[in-house]
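Below is query-v4.txt, which holds compact mmCIF, C-alpha atoms.
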# COMPACT_ATOMS: atom_id res chain seq x y z
CA MET A 73 3.05 -33.77 42.34
CA LYS A 74 1.23 -34.17 45.59
CA THR A 75 -2.57 -34.68 45.30
CA SER A 76 -3.51 -31.38 47.00
CA THR A 77 -1.18 -29.36 44.77
CA LEU A 78 -2.55 -31.15 41.71
CA ARG A 79 -6.09 -30.31 42.84
CA GLN A 80 -5.11 -26.68 43.44
CA THR A 81 -3.48 -26.44 40.03
CA ALA A 82 -6.49 -28.00 38.34
CA LEU A 83 -8.85 -25.63 40.17
CA ALA A 84 -6.70 -22.64 39.23
CA ALA A 85 -6.64 -23.83 35.61
CA VAL A 86 -10.41 -24.20 35.46
CA LEU A 87 -10.98 -20.81 37.06
CA GLY A 88 -8.40 -19.24 34.75
CA LEU A 89 -9.97 -20.78 31.66
CA SER A 90 -13.47 -19.80 32.68
CA ALA A 91 -12.31 -16.18 32.78
CA LEU A 92 -11.75 -16.46 29.01
CA VAL A 93 -15.38 -17.39 28.43
CA PRO A 94 -17.46 -14.20 27.97
CA ALA A 95 -19.53 -13.52 31.03
CA ALA A 96 -22.86 -15.01 30.01
CA HIS A 97 -24.93 -13.90 32.97
CA ALA A 98 -28.57 -14.65 32.35
CA ALA A 99 -29.24 -10.93 32.80
CA THR A 100 -32.43 -9.83 31.12
CA PHE A 101 -32.70 -6.07 30.84
CA ASP A 102 -36.37 -5.25 31.08
CA GLN A 103 -36.70 -2.21 33.29
CA VAL A 104 -36.46 1.05 31.39
CA LYS A 105 -35.62 4.13 33.42
CA ALA A 106 -37.64 6.92 31.86
CA ALA A 107 -35.56 9.64 33.51
CA GLY A 108 -32.32 8.60 31.85
CA SER A 109 -33.85 7.81 28.46
CA ARG A 110 -34.28 10.03 25.41
CA VAL A 111 -35.91 9.96 22.01
CA ASP A 112 -34.48 12.79 19.91
CA PHE A 113 -34.65 13.69 16.26
CA SER A 114 -32.90 16.10 13.95
CA TYR A 115 -33.96 17.63 10.67
CA ARG A 116 -32.92 20.35 8.24
CA GLN A 117 -34.92 23.38 7.18
CA MET A 118 -33.44 25.62 4.49
CA GLY A 119 -30.08 23.95 5.08
CA VAL A 120 -30.13 24.68 8.81
CA ALA A 121 -29.78 21.69 11.17
CA MET A 122 -32.47 21.65 13.85
CA ASP A 123 -32.82 19.41 16.90
CA GLY A 124 -36.01 18.15 18.42
CA LYS A 125 -37.17 15.56 20.91
CA PHE A 126 -40.16 13.82 22.41
CA ASN A 127 -40.56 14.54 26.10
CA LYS A 128 -42.96 11.69 26.88
CA PHE A 129 -42.69 8.11 25.75
CA ASP A 130 -43.17 4.64 27.14
CA ALA A 131 -40.43 2.17 26.29
CA ARG A 132 -40.79 -1.50 27.16
CA LEU A 133 -38.04 -3.90 26.30
CA ASN A 134 -36.74 -7.32 27.04
CA PHE A 135 -33.12 -7.96 26.17
CA ASP A 136 -30.59 -10.54 27.29
CA PRO A 137 -27.18 -9.95 25.64
CA ALA A 138 -26.57 -13.70 25.86
CA LYS A 139 -29.67 -14.32 23.72
CA PRO A 140 -30.01 -11.17 21.54
CA GLU A 141 -32.29 -12.84 18.98
CA ALA A 142 -34.95 -13.18 21.65
CA GLY A 143 -34.85 -9.46 22.35
CA GLN A 144 -37.98 -7.34 21.96
CA ALA A 145 -38.77 -3.67 22.30
CA THR A 146 -41.87 -1.55 22.02
CA VAL A 147 -41.69 2.23 22.25
CA ASP A 148 -44.88 4.28 22.38
CA ILE A 149 -44.39 7.99 21.91
CA ASP A 150 -46.73 10.70 23.11
CA VAL A 151 -46.77 12.81 19.94
CA ALA A 152 -48.13 15.90 21.68
CA SER A 153 -45.00 15.96 23.86
CA VAL A 154 -42.87 16.91 20.85
CA ASP A 155 -40.39 19.78 21.04
CA ALA A 156 -39.44 20.70 17.48
CA GLY A 157 -36.69 23.15 18.43
CA SER A 158 -38.69 26.36 18.61
CA ASP A 159 -42.07 27.37 20.01
CA GLU A 160 -43.39 28.21 16.57
CA ALA A 161 -42.26 24.93 15.05
CA THR A 162 -43.58 22.91 18.00
CA ALA A 163 -47.01 24.50 17.72
CA GLU A 164 -47.01 23.82 13.98
CA VAL A 165 -45.96 20.16 13.97
CA THR A 166 -48.68 18.92 16.31
CA GLY A 167 -51.19 20.20 13.76
CA LYS A 168 -53.14 18.39 11.06
CA THR A 169 -50.65 18.78 8.24
CA TRP A 170 -47.86 17.36 10.39
CA PHE A 171 -48.25 14.80 13.16
CA ASP A 172 -51.97 15.49 13.64
CA ALA A 173 -51.59 14.73 17.33
CA ALA A 174 -55.32 15.13 17.93
CA LYS A 175 -56.17 12.21 15.65
CA HIS A 176 -52.98 10.19 16.12
CA PRO A 177 -51.80 10.81 19.69
CA LYS A 178 -49.32 7.93 19.66
CA ALA A 179 -46.44 6.99 17.42
CA SER A 180 -44.98 3.55 18.04
CA PHE A 181 -42.10 1.27 17.23
CA LYS A 182 -42.51 -2.47 17.67
CA SER A 183 -39.49 -4.66 17.07
CA THR A 184 -39.95 -7.89 15.15
CA SER A 185 -36.42 -9.25 15.39
CA VAL A 186 -32.98 -8.49 16.81
CA LYS A 187 -29.69 -9.57 15.34
CA ALA A 188 -26.22 -9.48 16.87
CA LEU A 189 -23.62 -7.75 14.66
CA GLY A 190 -20.59 -8.49 16.78
CA GLY A 191 -19.07 -6.78 19.78
CA ASN A 192 -21.75 -4.72 21.47
CA ARG A 193 -23.50 -3.86 18.17
CA TYR A 194 -26.93 -5.11 17.25
CA GLU A 195 -29.69 -4.45 14.79
CA ALA A 196 -33.38 -4.33 15.53
CA LEU A 197 -35.93 -4.69 12.76
CA GLY A 198 -39.39 -3.46 13.44
CA THR A 199 -42.46 -1.54 12.41
CA LEU A 200 -42.72 2.19 12.95
CA THR A 201 -46.24 3.57 12.95
CA ILE A 202 -46.84 7.32 12.77
CA LYS A 203 -50.02 9.13 11.76
CA GLY A 204 -51.70 5.82 11.01
CA ARG A 205 -49.02 4.81 8.51
CA SER A 206 -46.53 1.98 9.07
CA GLN A 207 -43.07 1.44 7.69
CA ASN A 208 -40.41 -1.19 8.24
CA VAL A 209 -37.42 0.22 10.03
CA THR A 210 -33.91 -1.10 10.64
CA ALA A 211 -32.46 0.35 13.81
CA PRO A 212 -28.81 -0.39 14.51
CA PHE A 213 -27.89 0.07 18.15
CA THR A 214 -25.18 -0.57 20.68
CA PHE A 215 -25.77 -2.02 24.10
CA ASP A 216 -23.46 -1.52 27.07
CA PRO A 217 -24.12 -4.26 29.63
CA ALA A 218 -22.21 -2.38 32.32
CA SER A 219 -24.49 0.64 32.21
CA GLY A 220 -27.58 -0.94 30.63
CA ALA A 221 -27.61 1.70 27.92
CA PHE A 222 -29.12 1.16 24.49
CA ASP A 223 -28.00 3.76 21.92
CA GLY A 224 -29.00 3.85 18.31
CA SER A 225 -30.28 5.89 15.43
CA PHE A 226 -31.99 5.50 12.11
CA VAL A 227 -33.25 7.75 9.35
CA ILE A 228 -36.87 7.96 8.29
CA LYS A 229 -38.48 9.85 5.44
CA ARG A 230 -41.20 12.13 6.68
CA GLY A 231 -42.89 11.77 3.31
CA ASP A 232 -43.56 8.09 4.04
CA PHE A 233 -45.73 9.14 6.97
CA ALA A 234 -47.30 12.25 5.44
CA ILE A 235 -45.63 14.34 8.13
CA GLY A 236 -45.76 17.80 6.58
CA GLU A 237 -48.50 17.75 3.94
CA GLY A 238 -49.76 20.25 1.39
CA GLU A 239 -47.44 23.26 1.13
CA TRP A 240 -45.09 21.59 3.62
CA ALA A 241 -44.54 18.59 1.34
CA ASP A 242 -41.81 20.62 -0.39
CA PHE A 243 -38.61 18.85 0.66
CA GLY A 244 -36.61 21.87 -0.45
CA ILE A 245 -37.87 23.77 2.60
CA VAL A 246 -37.97 21.06 5.27
CA ALA A 247 -35.90 18.05 4.24
CA ASN A 248 -37.43 14.61 3.85
CA GLU A 249 -34.83 12.82 5.94
CA ILE A 250 -35.34 12.88 9.68
CA GLN A 251 -32.73 11.28 11.88
CA VAL A 252 -34.16 9.61 14.97
CA LYS A 253 -31.77 8.98 17.88
CA PHE A 254 -32.62 7.04 20.99
CA HIS A 255 -30.90 6.41 24.30
CA LEU A 256 -32.74 3.97 26.53
CA GLN A 257 -31.47 3.41 30.01
CA ALA A 258 -32.39 -0.04 31.31
CA ALA A 259 -31.75 -2.23 34.32
CA HIS A 260 -31.96 -5.97 34.78
CA LYS A 261 -33.72 -7.79 37.57
CA MET B 195 -6.49 57.20 -11.05
CA ASN B 196 -8.22 59.73 -8.89
CA THR B 197 -7.71 63.39 -9.64
CA LEU B 198 -6.32 65.12 -6.60
CA ALA B 199 -7.27 68.55 -5.39
CA PRO B 200 -4.70 71.21 -6.29
CA ASN B 201 -2.87 70.84 -2.96
CA GLY B 202 -2.27 67.16 -3.81
CA PHE B 203 -3.71 65.73 -0.60
CA ALA B 204 -7.28 64.47 -0.88
CA PRO B 205 -8.97 63.26 -4.10
CA ALA B 206 -11.82 65.18 -5.71
CA ARG B 207 -14.15 62.18 -6.07
CA TYR B 208 -14.72 58.81 -4.45
CA THR B 209 -13.03 55.86 -6.15
CA ARG B 210 -15.11 53.52 -8.32
CA THR B 211 -14.67 50.83 -5.69
CA ALA B 212 -15.96 53.07 -2.91
CA ILE B 213 -18.92 54.12 -5.07
CA SER B 214 -19.79 50.53 -6.02
CA LEU B 215 -19.61 49.32 -2.44
CA HIS B 216 -21.62 52.30 -1.21
CA TRP B 217 -24.56 51.69 -3.54
CA LEU B 218 -24.44 47.90 -3.34
CA ILE B 219 -24.62 48.11 0.43
CA ALA B 220 -27.27 50.84 0.28
CA LEU B 221 -29.51 48.72 -1.93
CA GLY B 222 -28.76 45.71 0.24
CA ILE B 223 -29.71 47.51 3.43
CA ILE B 224 -32.94 48.90 2.00
CA GLY B 225 -33.95 45.49 0.63
CA ILE B 226 -33.02 43.54 3.75
CA PHE B 227 -34.73 46.04 6.06
CA SER B 228 -37.95 45.89 4.03
CA LEU B 229 -37.80 42.10 3.92
CA GLY B 230 -37.24 42.03 7.66
CA LEU B 231 -40.31 44.17 8.33
CA TYR B 232 -42.47 42.04 6.05
CA MET B 233 -41.27 38.59 7.08
CA THR B 234 -41.81 39.15 10.80
CA SER B 235 -45.46 39.91 10.10
CA LEU B 236 -46.07 36.45 8.64
CA SER B 237 -47.38 33.40 10.43
CA LEU B 238 -45.37 30.22 10.00
CA SER B 239 -45.35 28.87 6.44
CA PRO B 240 -42.79 27.53 3.97
CA THR B 241 -42.64 31.04 2.51
CA LYS B 242 -41.78 32.50 5.90
CA LEU B 243 -38.91 30.03 6.31
CA LYS B 244 -37.64 30.92 2.83
CA LEU B 245 -37.83 34.68 3.47
CA TYR B 246 -36.07 34.38 6.83
CA SER B 247 -33.27 32.44 5.17
CA TRP B 248 -32.92 34.94 2.33
CA HIS B 249 -32.91 37.79 4.85
CA LYS B 250 -30.07 36.17 6.78
CA TRP B 251 -28.08 35.23 3.65
CA ALA B 252 -28.37 38.79 2.35
CA GLY B 253 -27.48 40.18 5.80
CA ILE B 254 -24.28 38.16 5.98
CA THR B 255 -23.44 39.20 2.42
CA VAL B 256 -23.81 42.88 3.35
CA PHE B 257 -21.70 42.25 6.46
CA VAL B 258 -18.92 40.91 4.22
CA LEU B 259 -19.32 43.84 1.80
CA ALA B 260 -19.12 46.22 4.78
CA LEU B 261 -15.83 44.60 5.80
CA ALA B 262 -14.51 45.19 2.29
CA ARG B 263 -15.87 48.73 2.46
CA LEU B 264 -14.09 49.46 5.73
CA ALA B 265 -10.83 47.96 4.51
CA TRP B 266 -11.01 50.07 1.36
CA ARG B 267 -11.84 53.20 3.36
CA LEU B 268 -8.88 52.68 5.66
CA GLY B 269 -6.60 52.41 2.66
CA HIS B 270 -8.09 55.14 0.49
CA ARG B 271 -8.59 58.69 1.69
CA PRO B 272 -11.99 60.05 0.73
CA PRO B 273 -12.64 63.55 -0.61
CA GLU B 274 -12.65 66.41 1.90
CA LEU B 275 -15.86 68.03 3.07
CA PRO B 276 -16.61 71.33 1.27
CA ALA B 277 -14.35 74.22 2.24
CA GLY B 278 -16.97 76.56 3.74
CA MET B 279 -18.80 73.91 5.74
CA PRO B 280 -19.46 75.02 9.34
CA ALA B 281 -17.77 73.07 12.14
CA LEU B 282 -21.06 71.79 13.55
CA MET B 283 -22.09 70.45 10.14
CA ARG B 284 -18.71 68.75 9.78
CA LEU B 285 -19.22 67.14 13.17
CA ALA B 286 -22.69 65.96 12.17
CA ALA B 287 -21.43 64.58 8.86
CA ASN B 288 -18.42 62.77 10.30
CA GLY B 289 -20.44 61.56 13.27
CA ALA B 290 -23.20 60.16 11.05
CA HIS B 291 -20.69 58.36 8.86
CA VAL B 292 -19.06 56.78 11.90
CA VAL B 293 -22.48 55.70 13.16
CA LEU B 294 -23.29 54.21 9.75
CA TYR B 295 -20.05 52.22 9.75
CA ILE B 296 -20.71 50.95 13.26
CA LEU B 297 -24.29 49.97 12.42
CA MET B 298 -23.27 48.21 9.18
CA PHE B 299 -21.54 45.70 11.46
CA ALA B 300 -23.68 45.89 14.59
CA VAL B 301 -26.97 45.21 12.81
CA PRO B 302 -26.03 41.94 11.08
CA LEU B 303 -23.97 40.88 14.08
CA SER B 304 -26.95 41.32 16.40
CA GLY B 305 -29.08 39.35 13.97
CA TRP B 306 -26.55 36.53 13.77
CA LEU B 307 -26.29 36.34 17.58
CA MET B 308 -30.06 36.50 17.94
CA SER B 309 -30.51 33.63 15.50
CA SER B 310 -28.07 31.47 17.49
CA ALA B 311 -29.69 32.35 20.79
CA LYS B 312 -33.06 31.36 19.37
CA GLY B 313 -31.63 27.98 18.34
CA PHE B 314 -31.24 28.60 14.62
CA GLN B 315 -27.73 28.34 13.29
CA THR B 316 -27.07 30.64 10.34
CA VAL B 317 -26.07 28.70 7.24
CA TRP B 318 -24.92 31.14 4.54
CA PHE B 319 -26.76 30.38 1.32
CA GLY B 320 -27.70 27.08 2.92
CA VAL B 321 -24.18 25.75 2.49
CA LEU B 322 -21.74 27.53 4.79
CA PRO B 323 -22.62 27.13 8.46
CA LEU B 324 -21.57 30.12 10.59
CA PRO B 325 -20.56 29.26 14.15
CA ASP B 326 -23.03 29.88 16.95
CA LEU B 327 -21.21 32.46 19.04
CA VAL B 328 -23.80 32.08 21.77
CA SER B 329 -25.81 29.04 22.89
CA LYS B 330 -29.55 28.59 22.68
CA ASN B 331 -31.09 30.70 25.43
CA ALA B 332 -34.63 32.04 25.33
CA GLU B 333 -33.98 35.18 27.39
CA LEU B 334 -30.83 36.08 25.49
CA GLY B 335 -32.71 35.45 22.26
CA ASP B 336 -35.43 37.91 23.20
CA LEU B 337 -32.89 40.49 24.34
CA LEU B 338 -30.97 40.21 21.08
CA ALA B 339 -34.19 40.39 19.08
CA THR B 340 -35.01 43.70 20.76
CA THR B 341 -31.43 44.88 20.19
CA HIS B 342 -31.58 43.95 16.52
CA ALA B 343 -34.86 45.86 16.13
CA TRP B 344 -33.59 48.99 17.92
CA LEU B 345 -30.32 49.03 15.96
CA ASN B 346 -32.30 48.70 12.74
CA TRP B 347 -34.54 51.67 13.57
CA LEU B 348 -31.43 53.68 14.43
CA LEU B 349 -29.91 52.65 11.11
CA ALA B 350 -33.07 53.65 9.27
CA ALA B 351 -33.09 57.07 10.94
CA THR B 352 -29.39 57.61 10.22
CA VAL B 353 -29.75 56.53 6.60
CA ILE B 354 -32.69 58.89 6.09
CA GLY B 355 -30.73 61.73 7.68
CA HIS B 356 -27.71 60.82 5.52
CA ALA B 357 -29.79 60.83 2.33
CA CYS B 358 -31.52 64.09 3.23
CA ALA B 359 -28.17 65.73 3.97
CA ALA B 360 -26.83 64.60 0.59
CA LEU B 361 -29.88 66.07 -1.13
CA LYS B 362 -29.46 69.28 0.85
CA HIS B 363 -25.85 69.57 -0.30
CA HIS B 364 -26.94 69.01 -3.88
CA PHE B 365 -30.04 71.18 -4.17
CA ILE B 366 -29.47 73.84 -1.51
CA ASP B 367 -25.72 74.19 -1.09
CA ARG B 368 -25.18 73.29 -4.76
CA ASP B 369 -21.84 71.60 -4.05
CA ASP B 370 -20.48 68.28 -5.34
CA VAL B 371 -20.99 66.23 -2.17
CA LEU B 372 -23.66 64.04 -3.78
CA THR B 373 -22.27 63.87 -7.31
CA ARG B 374 -18.85 62.71 -6.19
CA MET B 375 -20.52 59.54 -4.82
CA LEU B 376 -22.49 58.94 -8.02
CA PRO B 377 -21.22 56.49 -10.61
CA GLY B 378 -20.46 57.82 -14.08
CA ALA B 379 -18.26 60.89 -14.18
CA LYS B 380 -14.56 60.07 -14.52
CA ALA B 381 -12.32 61.06 -11.62
I'd like the structure from this file rewritten - as structure tokens, please.
Amino acid sequence: MKTSTLRQTALAAVLGLSALVPAAHAATFDQVKAAGSRVDFSYRQMGVAMDGKFNKFDARLNFDPAKPEAGQATVDIDVASVDAGSDEATAEVTGKTWFDAAKHPKASFKSTSVKALGGNRYEALGTLTIKGRSQNVTAPFTFDPASGAFDGSFVIKRGDFAIGEGEWADFGIVANEIQVKFHLQAAHK
Amino acid sequence: MNTLAPNGFAPARYTRTAISLHWLIALGIIGIFSLGLYMTSLSLSPTKLKLYSWHKWAGITVFVLALARLAWRLGHRPPELPAGMPALMRLAANGAHVVLYILMFAVPLSGWLMSSAKGFQTVWFGVLPLPDLVSKNAELGDLLATTHAWLNWLLAATVIGHACAALKHHFIDRDDVLTRMLPGAKA
């Protein structure tokens, strides 16, 4: 072969091969867009599924899909911004026997480690603190690098945080399991 | 078997099924109505949530019984009104019965729709979820709540009139209009 054709072939081969290597852009996602993000939860009362959410929260994260283990996230939730699905429920849950928003205005999640599970699935371990009580939480999530969306959910037991005390501690009325779902919209630099 | 009147057309008494359904539903309506009045006076508590659920479970149960009642009625001719009854009285009686049938469906239906509009799906006995026929909407919820209340007061008035008329037939007219809807005597 002539030298120029050999060079062209080699160049094409290198470019072709590099397309097989997963795009490892050093793209660190660390700008959370509050508008496109959500922290929702669902619970059951008397067998009826109810949906709620937190309207105000501050999520800070640092995530590079090429180095997931270095990822970190902290989410601070404004407890008083809760919407428990109905006006009556919302007024009730900010009270002393529930979230006690007056004494504990913030609930927070701080990640301690992130693990890649394969594909676009990951798992964040962290500490969830609500009403002055902390619990370890495992939050599986997916991350879509194209849209910068983090989506995940985990189940907590409200009893672990004394959310719903006294007469409300009866799990036959309001179930113990609360499913928390998050969608965090992030951008990279 | 139901003994027929001499002409062989209409029976002399209501069937045992009709009688059972009538009184089951009557007791159900009285209980559910009373529960409804009481529970709405409560402030939020676990008891209130329990009572609301029981009210809805019982309401759906009566709705199902009413369906059975209507199906039975369409397939089984009831006794005739007394021979000498004036035309206006007949109109009142038949009209009231039609209104009662309509309300037996309209009342629980309005409650079911109201619950959905307020964001609470109805889960029968806590196990069978009933579909939300309308979406969560605060204004619609309030409208349906008012509708449910008005239909209930109309039902209460009609039931009271119905009961008073039956007592009038029994004690004043001295006919068998009441007794033929009472359990016991063989047809």
- prompt: Near stretch 226-241 of chain A, counting only C-alpha atoms, which residues have an atom at most 6 Å away, once you skip same-chain residues fewer than 2 positions from it, shown as a list in words?
  reply: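 So the residues in contact are Thr169, Trp170, Phe171, Arg205, Ala211, Phe243, Asn248, Glu249, Ile250, Gln251 and Val252 of chain A.
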field: Counting only C-alpha atoms, the option among A:Asp130, A:Asp136, A:Glu160, A:Asp112 closest to chain B
entry: A:Glu160
- request: Output the contact residues of chain A with respect to chain B at a cut-off of 8 Å, based on all atoms listed in the file, as number ranges by chain.
  value: A: 117-122, 157-158, 160-161, 164, 239-240, 245
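Here atom CA of B:Trp266 is placed at a distance of 15.4 Å from atom CA of B:Ile296.
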Selected residue of minimal separation from A:Gly190 among A:Lys128, A:Val165, A:Phe213, A:Ile149, counting all atoms listed in the file: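 With all atoms listed in the file as the atom set, the closest residue is A:Phe213.
The point (-18.6, 61.1, -4.5) has these residues within 6 Å of it when all atoms listed in the file are used: Arg207, Tyr208, Leu372, Thr373, Arg374, Met375 and Leu376 of chain B.
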Neighbours of point (-49.4, 8.3, 12.4) within 10 Å, using all atoms listed in the file, written as an MDAnalysis selection string: chainID A and resid 151 170:173 175:180 200:206 233:235
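Each of B:Leu348, B:Ile354, B:Ala204, B:Met308 was compared to B:His270 using only C-alpha atoms, and B:Ala204 turns out to be the nearest.
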